[in-house]
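Quick look at input-v1.cif (mmCIF, C-alpha atoms):
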data_protein
loop_
_atom_site.label_atom_id
_atom_site.label_comp_id
_atom_site.auth_asym_id
_atom_site.auth_seq_id
_atom_site.Cartn_x
_atom_site.Cartn_y
_atom_site.Cartn_z
CA MET A 272 0.00 0.00 0.00
CA ASN A 273 1.39 3.38 -1.02
CA LEU A 274 0.87 5.76 1.90
CA GLN A 275 2.96 8.78 0.86
CA LEU A 276 3.36 11.17 -2.06
CA GLU A 277 6.82 10.21 -3.28
CA SER A 278 7.16 13.19 -5.62
CA LEU A 279 7.09 15.65 -2.71
CA LYS A 280 9.79 14.03 -0.58
CA PRO A 281 12.80 15.87 -2.10
CA LYS A 282 11.07 19.24 -1.59
CA ILE A 283 10.19 18.36 2.01
CA ASP A 284 13.79 17.31 2.64
CA GLU A 285 15.00 20.68 1.34
CA LEU A 286 12.68 22.56 3.69
CA GLN A 287 13.94 20.44 6.58
CA LYS A 288 17.52 21.41 5.69
CA GLN A 289 16.51 25.06 5.59
CA PHE A 290 14.34 25.31 8.71
CA GLY A 291 14.74 22.10 10.73
CA HIS A 292 17.32 20.99 13.27
CA PRO A 293 20.31 19.29 11.59
CA ASP A 294 20.24 16.33 13.98
CA TYR A 295 16.85 15.16 12.70
CA THR A 296 15.19 14.23 9.44
CA ALA A 297 11.97 15.32 7.79
CA LEU A 298 8.61 13.57 8.06
CA TYR A 299 6.17 13.10 5.20
CA GLY A 300 2.40 13.29 5.00
CA THR A 301 1.00 9.78 5.34
CA GLY A 302 -2.30 7.96 4.90
CA CYS A 303 -4.85 7.85 2.09
CA ILE A 304 -3.26 9.61 -0.90
CA LYS A 305 -6.22 9.37 -3.31
CA ARG A 306 -9.12 11.70 -2.53
CA PRO A 307 -9.12 11.30 1.27
CA ASP A 308 -12.28 12.27 3.11
CA LEU A 309 -10.20 14.16 5.68
CA CYS A 310 -6.80 15.81 5.57
CA PHE A 311 -5.46 16.65 9.04
CA ILE A 312 -2.86 19.44 9.07
CA PHE A 313 -0.74 19.74 12.22
CA MET A 314 2.14 22.15 12.99
CA ASN A 315 5.59 20.51 12.74
CA PRO A 316 7.38 17.37 13.88
CA THR A 317 9.58 17.15 16.98
CA ALA A 318 12.28 14.80 18.22
CA ARG A 319 9.69 12.89 20.27
CA ASN A 320 8.80 11.15 17.02
CA VAL A 321 11.06 8.10 16.70
CA SER A 322 11.09 8.23 12.90
CA VAL A 323 12.96 11.56 12.77
CA ASN A 324 16.09 9.83 14.07
CA LYS A 325 18.69 9.39 11.35
CA ASN A 326 19.07 5.68 12.13
CA TRP A 327 15.37 5.00 11.47
CA THR A 328 14.96 3.30 8.08
CA GLY A 329 11.20 2.76 8.04
CA LEU A 330 8.13 4.88 7.38
CA LYS A 331 8.71 8.52 8.35
CA ALA A 332 5.29 9.70 9.49
CA SER A 333 3.68 11.87 12.14
CA TRP A 334 3.36 10.88 15.81
CA LEU A 335 5.29 7.59 15.73
CA GLY A 336 6.47 6.73 19.22
CA THR A 337 4.17 9.23 20.94
CA LYS A 338 0.92 8.65 22.79
CA ASN A 339 -1.53 11.54 22.99
CA THR A 340 -2.48 12.02 19.34
CA TRP A 341 -3.45 8.36 19.09
CA LYS A 342 -6.03 9.05 21.80
CA LEU A 343 -7.65 11.59 19.51
CA LEU A 344 -7.53 9.26 16.49
CA HIS A 345 -8.97 6.39 18.52
CA GLN A 346 -11.87 8.47 19.82
CA LEU A 347 -12.58 9.48 16.23
CA GLU A 348 -12.73 5.74 15.42
CA LEU A 349 -9.88 6.04 12.94
CA ILE A 350 -7.79 3.27 14.53
CA PRO A 351 -9.05 0.07 16.18
CA THR A 352 -8.88 -0.37 19.94
CA GLU A 353 -6.22 -3.10 19.80
CA LEU A 354 -3.82 -0.87 17.89
CA PHE A 355 -4.58 2.09 20.13
CA ARG A 356 -3.77 0.09 23.24
CA THR A 357 -0.46 -0.89 21.71
CA THR A 358 0.43 2.77 21.09
CA GLN A 359 -0.12 3.44 24.77
CA GLU A 360 1.84 0.41 25.97
CA LYS A 361 4.85 0.55 23.66
CA LYS A 362 7.95 2.41 24.73
CA PRO A 363 9.32 4.68 21.99
CA ILE A 364 12.31 2.38 21.48
CA ASP A 365 9.95 -0.53 20.76
CA TRP A 366 8.22 1.12 17.79
CA ASN A 367 9.23 -0.35 14.44
CA ASN A 368 8.40 -0.03 10.76
CA GLU A 369 6.01 -2.99 10.79
CA PHE A 370 3.84 -1.36 13.43
CA ALA A 371 4.07 2.06 11.76
CA MET A 372 2.88 0.61 8.45
CA LYS A 373 0.09 -1.27 10.18
CA ILE A 374 -1.34 1.73 12.01
CA TYR A 375 -1.10 4.07 9.03
CA GLY A 376 -2.60 1.37 6.85
CA GLU A 377 -5.66 1.52 9.09
CA ILE A 378 -5.75 5.32 8.86
CA ALA A 379 -5.56 5.09 5.07
CA LYS A 380 -8.47 2.63 5.03
CA LYS A 381 -10.50 5.25 6.89
CA LYS A 382 -9.65 7.68 4.05
CA VAL A 383 -7.62 10.04 6.23
CA PHE A 384 -4.30 11.75 5.47
CA ILE A 385 -2.12 13.26 8.21
CA THR A 386 0.49 15.92 7.49
CA ASN A 387 2.28 19.00 8.87
CA LEU A 388 2.36 22.51 7.49
CA ALA A 389 5.87 23.36 8.74
CA ARG A 390 8.46 20.92 7.38
CA SER A 391 10.99 21.61 10.09
CA THR A 392 11.64 18.96 12.71
CA GLN A 393 12.75 20.53 16.01
CA PRO A 394 14.26 19.02 19.17
CA ASP A 395 11.26 20.16 21.20
CA ALA A 396 7.87 21.85 20.87
CA ARG A 397 9.25 25.38 20.68
CA PRO A 398 7.02 27.89 18.85
CA LEU A 399 8.02 28.51 15.25
CA PRO A 400 7.98 31.98 13.69
CA ASN A 401 5.28 32.71 11.15
CA TYR A 402 7.78 33.02 8.30
CA VAL A 403 8.58 29.29 8.55
CA PHE A 404 4.93 28.42 7.98
CA ALA A 405 4.74 30.96 5.15
CA SER A 406 7.84 29.46 3.52
CA CYS A 407 6.27 25.98 3.59
CA LEU A 408 2.88 27.12 2.31
CA SER A 409 3.43 26.56 -1.41
CA LEU A 410 4.43 22.94 -0.79
CA MET A 411 1.37 22.46 1.42
CA GLU A 412 -0.81 23.75 -1.39
CA GLU A 413 0.90 21.37 -3.81
CA GLU A 414 0.27 18.48 -1.44
CA ILE A 415 -3.41 19.40 -1.18
CA SER A 416 -3.69 19.67 -4.97
CA LEU A 417 -2.28 16.16 -5.39
CA LEU A 418 -4.48 14.71 -2.64
CA ARG A 419 -7.72 16.50 -3.57
CA PRO A 420 -9.24 15.91 -0.11
CA LYS A 421 -12.95 16.33 0.48
CA THR A 422 -12.40 18.27 3.73
CA ILE A 423 -9.39 19.78 5.50
CA ILE A 424 -9.02 20.05 9.28
CA THR A 425 -6.41 22.54 10.53
CA PHE A 426 -5.18 22.33 14.11
CA GLY A 427 -4.52 25.54 16.02
CA ASN A 428 -4.61 29.26 15.32
CA GLN A 429 -1.16 29.48 13.73
CA VAL A 430 -1.62 26.67 11.22
CA SER A 431 -5.15 27.78 10.37
CA SER A 432 -4.09 31.41 9.87
CA ALA A 433 -1.09 30.48 7.73
CA LEU A 434 -3.04 28.16 5.43
CA LEU A 435 -5.99 30.50 5.02
CA LYS A 436 -3.83 33.64 4.84
CA LYS A 437 -5.97 35.50 7.36
CA PRO A 438 -6.10 35.76 11.16
CA ILE A 439 -8.04 32.83 12.61
CA LYS A 440 -9.10 32.36 16.22
CA VAL A 441 -10.34 28.82 16.61
CA SER A 442 -12.38 29.67 19.70
CA GLU A 443 -14.44 32.12 17.65
CA ASN A 444 -14.82 29.94 14.55
CA ARG A 445 -15.86 26.46 15.65
CA HIS A 446 -17.83 24.57 12.99
CA GLN A 447 -17.19 27.40 10.53
CA LEU A 448 -16.23 26.65 6.94
CA PHE A 449 -13.43 28.64 5.33
CA PRO A 450 -12.97 28.13 1.57
CA LEU A 451 -9.43 27.53 0.34
CA THR A 452 -8.91 27.94 -3.40
CA ILE A 453 -5.89 26.32 -5.01
CA GLY A 454 -5.78 26.53 -8.78
CA ASN A 455 -9.28 25.93 -10.07
CA LYS A 456 -10.51 23.94 -7.06
CA THR A 457 -11.90 25.10 -3.71
CA TYR A 458 -11.58 23.02 -0.56
CA PRO A 459 -13.57 23.37 2.68
CA VAL A 460 -11.33 24.05 5.67
CA TYR A 461 -12.46 23.71 9.28
CA PRO A 462 -10.09 25.06 11.95
CA THR A 463 -10.10 23.39 15.33
CA TYR A 464 -8.10 23.42 18.55
CA TYR A 465 -4.57 22.05 18.71
CA PRO A 466 -5.09 18.82 20.70
CA VAL A 467 -1.65 17.92 22.08
CA GLY A 468 1.29 19.53 23.84
CA MET A 469 0.23 22.85 25.34
CA GLY A 470 -3.20 22.27 23.80
CA ILE A 471 -3.86 18.89 25.46
CA MET A 472 -6.63 20.42 27.56
CA ASN A 473 -8.50 21.17 24.33
CA MET A 474 -8.42 17.65 22.93
CA GLY A 475 -12.07 17.08 23.85
CA LYS A 476 -13.13 20.19 21.94
CA ALA A 477 -11.09 19.14 18.91
CA ILE A 478 -12.77 15.73 18.96
CA GLU A 479 -16.20 17.37 19.19
CA ASP A 480 -15.43 19.61 16.23
CA ILE A 481 -14.12 16.82 14.02
CA LYS A 482 -17.02 14.53 14.89
CA TRP A 483 -19.35 17.37 13.91
CA VAL A 484 -17.60 17.65 10.53
CA ILE A 485 -17.79 13.89 9.98
CA SER A 486 -21.46 13.63 10.91
CA ASN A 487 -22.56 16.69 8.95
CA LEU A 488 -20.41 16.64 5.86
CA LEU A 489 -19.08 13.16 5.14
#

Any chance you could put this one into structure tokens?
Amino acid sequence: MNLQLESLKPKIDELQKQFGHPDYTALYGTGCIKRPDLCFIFMNPTARNVSVNKNWTGLKASWLGTKNTWKLLHQLELIPTELFRTTQEKKPIDWNNEFAMKIYGEIAKKKVFITNLARSTQPDARPLPNYVFASCLSLMEEEISLLRPKTIITFGNQVSSALLKKPIKVSENRHQLFPLTIGNKTYPVYPTYYPVGMGIMNMGKAIEDIKWVISNLL
């Protein structure tokens, strides 16, 4: 199963060289690559992801070796309970390519694609300046054009504002559609709360928002 857009990898690698930490590698958007129902756009990878290590030779995808985001995906019924439990039990060192392929294979079956706007892996969850997001925007638009998703979910004010090129406050725009035009096609974008890290307290609201999108639009 092909889970990534191979043509974009060299461009993502270049952005990592420009904006990311030299000790880590880039990650690539992963999941359903042909007309996904949902495209989830997060901020940027960090060193907590085991696949950014230079000795990792398997799938380089978001959230591998972490725990909290899988809670969100499980509550959205995008991964089965057995796999979710394994994400919570495994130590980061125990994650491997076989498990990464298995869990993202399930996400792809659910017609979901998970990516990051900023292609700049950092050692920690430090805030990134807006110009980094702006510099990665054209590649994000190219990725969306290749995917042609039915609906886009953006996580957090900074990602939402950068993609939509206007100030967005998620707390004031829940369940609100923002049109995003790329070329001759317009995509519906729904901003929601960032659900992990400093935003972990808002995970419940993010789940509510995404469930609303799924039940009303898909």

Nearest to Asn326 in chain A by atom-to-atom distance, counting only C-alpha atoms, from A:Leu435, A:Asp294, A:Met372, A:Arg419
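Closest candidate: A:Asp294.
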
If the PyMOL selection byres ((chain A and resi 397) around 12) is run on the structure shown, which residues does it catch, given as a PyMOL selection string?
chain A and resi 291-292+314-318+391-396+398-400+468-469

Set the distance at 12 Å and use only C-alpha atoms: which residues neighbour Leu286 in chain A once local chain neighbours fewer than 6 positions away are removed? I'd like the list as an MDAnalysis selection string.
chainID A and resid 279:280 292:293 296:299 315 388:392 403:411

Those residues with C-alpha atoms, as a PDB file, in the coordinates of the input please?
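Dumped everything to result-v2.pdb:
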ATOM      1  CA  LEU A 279       7.090  15.650  -2.710  1.00  0.00           C
ATOM      2  CA  LYS A 280       9.790  14.030  -0.580  1.00  0.00           C
ATOM      3  CA  HIS A 292      17.320  20.990  13.270  1.00  0.00           C
ATOM      4  CA  PRO A 293      20.310  19.290  11.590  1.00  0.00           C
ATOM      5  CA  THR A 296      15.190  14.230   9.440  1.00  0.00           C
ATOM      6  CA  ALA A 297      11.970  15.320   7.790  1.00  0.00           C
ATOM      7  CA  LEU A 298       8.610  13.570   8.060  1.00  0.00           C
ATOM      8  CA  TYR A 299       6.170  13.100   5.200  1.00  0.00           C
ATOM      9  CA  ASN A 315       5.590  20.510  12.740  1.00  0.00           C
ATOM     10  CA  LEU A 388       2.360  22.510   7.490  1.00  0.00           C
ATOM     11  CA  ALA A 389       5.870  23.360   8.740  1.00  0.00           C
ATOM     12  CA  ARG A 390       8.460  20.920   7.380  1.00  0.00           C
ATOM     13  CA  SER A 391      10.990  21.610  10.090  1.00  0.00           C
ATOM     14  CA  THR A 392      11.640  18.960  12.710  1.00  0.00           C
ATOM     15  CA  VAL A 403       8.580  29.290   8.550  1.00  0.00           C
ATOM     16  CA  PHE A 404       4.930  28.420   7.980  1.00  0.00           C
ATOM     17  CA  ALA A 405       4.740  30.960   5.150  1.00  0.00           C
ATOM     18  CA  SER A 406       7.840  29.460   3.520  1.00  0.00           C
ATOM     19  CA  CYS A 407       6.270  25.980   3.590  1.00  0.00           C
ATOM     20  CA  LEU A 408       2.880  27.120   2.310  1.00  0.00           C
ATOM     21  CA  SER A 409       3.430  26.560  -1.410  1.00  0.00           C
ATOM     22  CA  LEU A 410       4.430  22.940  -0.790  1.00  0.00           C
ATOM     23  CA  MET A 411       1.370  22.460   1.420  1.00  0.00           C
TER      24      MET A 411
END

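CA of Ile481 in chain A lies 10.4 Å from CA of Gln346 in chain A.
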
Thr452 in chain A surroundings by all atoms listed in the file, 12 Å radius, close-in-sequence under 3 positions cut, as a PyMOL selection string:
chain A and resi 412-413+415-416+419+434-436+449+455-460

Please report the interatomic distance between CA of Gln359 in chain A and CA of Ala371 in chain A in Å with one decimal.
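Those two atoms sit 13.7 Å apart.
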
Mind telling me what the PyMOL selection byres ((chain A and resi 337) around 12) catches here, as an MDAnalysis selection string?
chainID A and resid 316:322 332:336 338:342 355 357:366 371 467:468

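Those residues that approach Met474 in chain A to within 8 Å, counting all atoms listed in the file, are Leu343, Tyr464, Tyr465, Pro466 and Val467 of chain A; same-chain residues fewer than 5 positions away are not listed.
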
Let's have the selection written as a PDB file, keeping the file's coordinate frame, with C-alpha atoms.
ATOM      1  CA  LEU A 343      -7.650  11.590  19.510  1.00  0.00           C
ATOM      2  CA  TYR A 464      -8.100  23.420  18.550  1.00  0.00           C
ATOM      3  CA  TYR A 465      -4.570  22.050  18.710  1.00  0.00           C
ATOM      4  CA  PRO A 466      -5.090  18.820  20.700  1.00  0.00           C
ATOM      5  CA  VAL A 467      -1.650  17.920  22.080  1.00  0.00           C
TER       6      VAL A 467
END

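Proximity of A:Asp480, A:Lys325, A:Ile374, A:Ala433 to His345 in chain A, computed with all atoms listed in the file, is greatest for A:Ile374.
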
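Nearest to Met272 in chain A of all the residues A:Tyr375, A:Tyr295, A:Phe370, A:Phe426 is A:Tyr375, based on all atoms listed in the file.
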
Correct to one decimal, the distance CA of Thr463 in chain A-CA of Phe311 in chain A is 10.3 Å

Which neighbours of Leu276 in chain A fall inside 8 Å, counting all atoms listed in the file, when residues of the same chain fewer than 2 positions from it are skipped, and could you give them as a list in words?
Leu274, Ser278, Leu279, Lys280, Gly300, Thr301, Ile304 and Glu414 of chain A

List the residues sitting within 12 Å of (-17.4, 28.4, 12.4) in the file's frame, using all atoms listed in the file, as a list in words.
Ile439, Lys440, Val441, Ser442, Glu443, Asn444, Arg445, His446, Gln447, Leu448, Phe449, Pro450, Pro459, Val460, Tyr461, Pro462, Thr463, Asp480, Trp483 and Val484 of chain A

Let me have the centre and edge lengths of the axis-aligned box enclosing all listed atoms of range 392-408 of chain A with 8 Å padding on every side, in Å to one decimal, as AutoDock Vina command-line options.
--center_x 8.6 --center_y 26.0 --center_z 11.8 --size_x 27.4 --size_y 30.1 --size_z 34.9

Of the candidates A:Leu488, A:Asn387, A:Asp308, A:Glu353, which shows the shortest atom-to-atom distance to Thr425 in chain A, using all atoms listed in the file?
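Of the candidates, the smallest distance to Thr425 in chain A is held by A:Asn387.
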
Kindly indicate which residue among A:Gln429, A:Asn367, A:Thr386, A:Asn401 lies nearest to Trp327 in chain A, using all atoms listed in the file for the distances.
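Looking only at the distances to Trp327 in chain A, the closest residue turns out to be A:Asn367.
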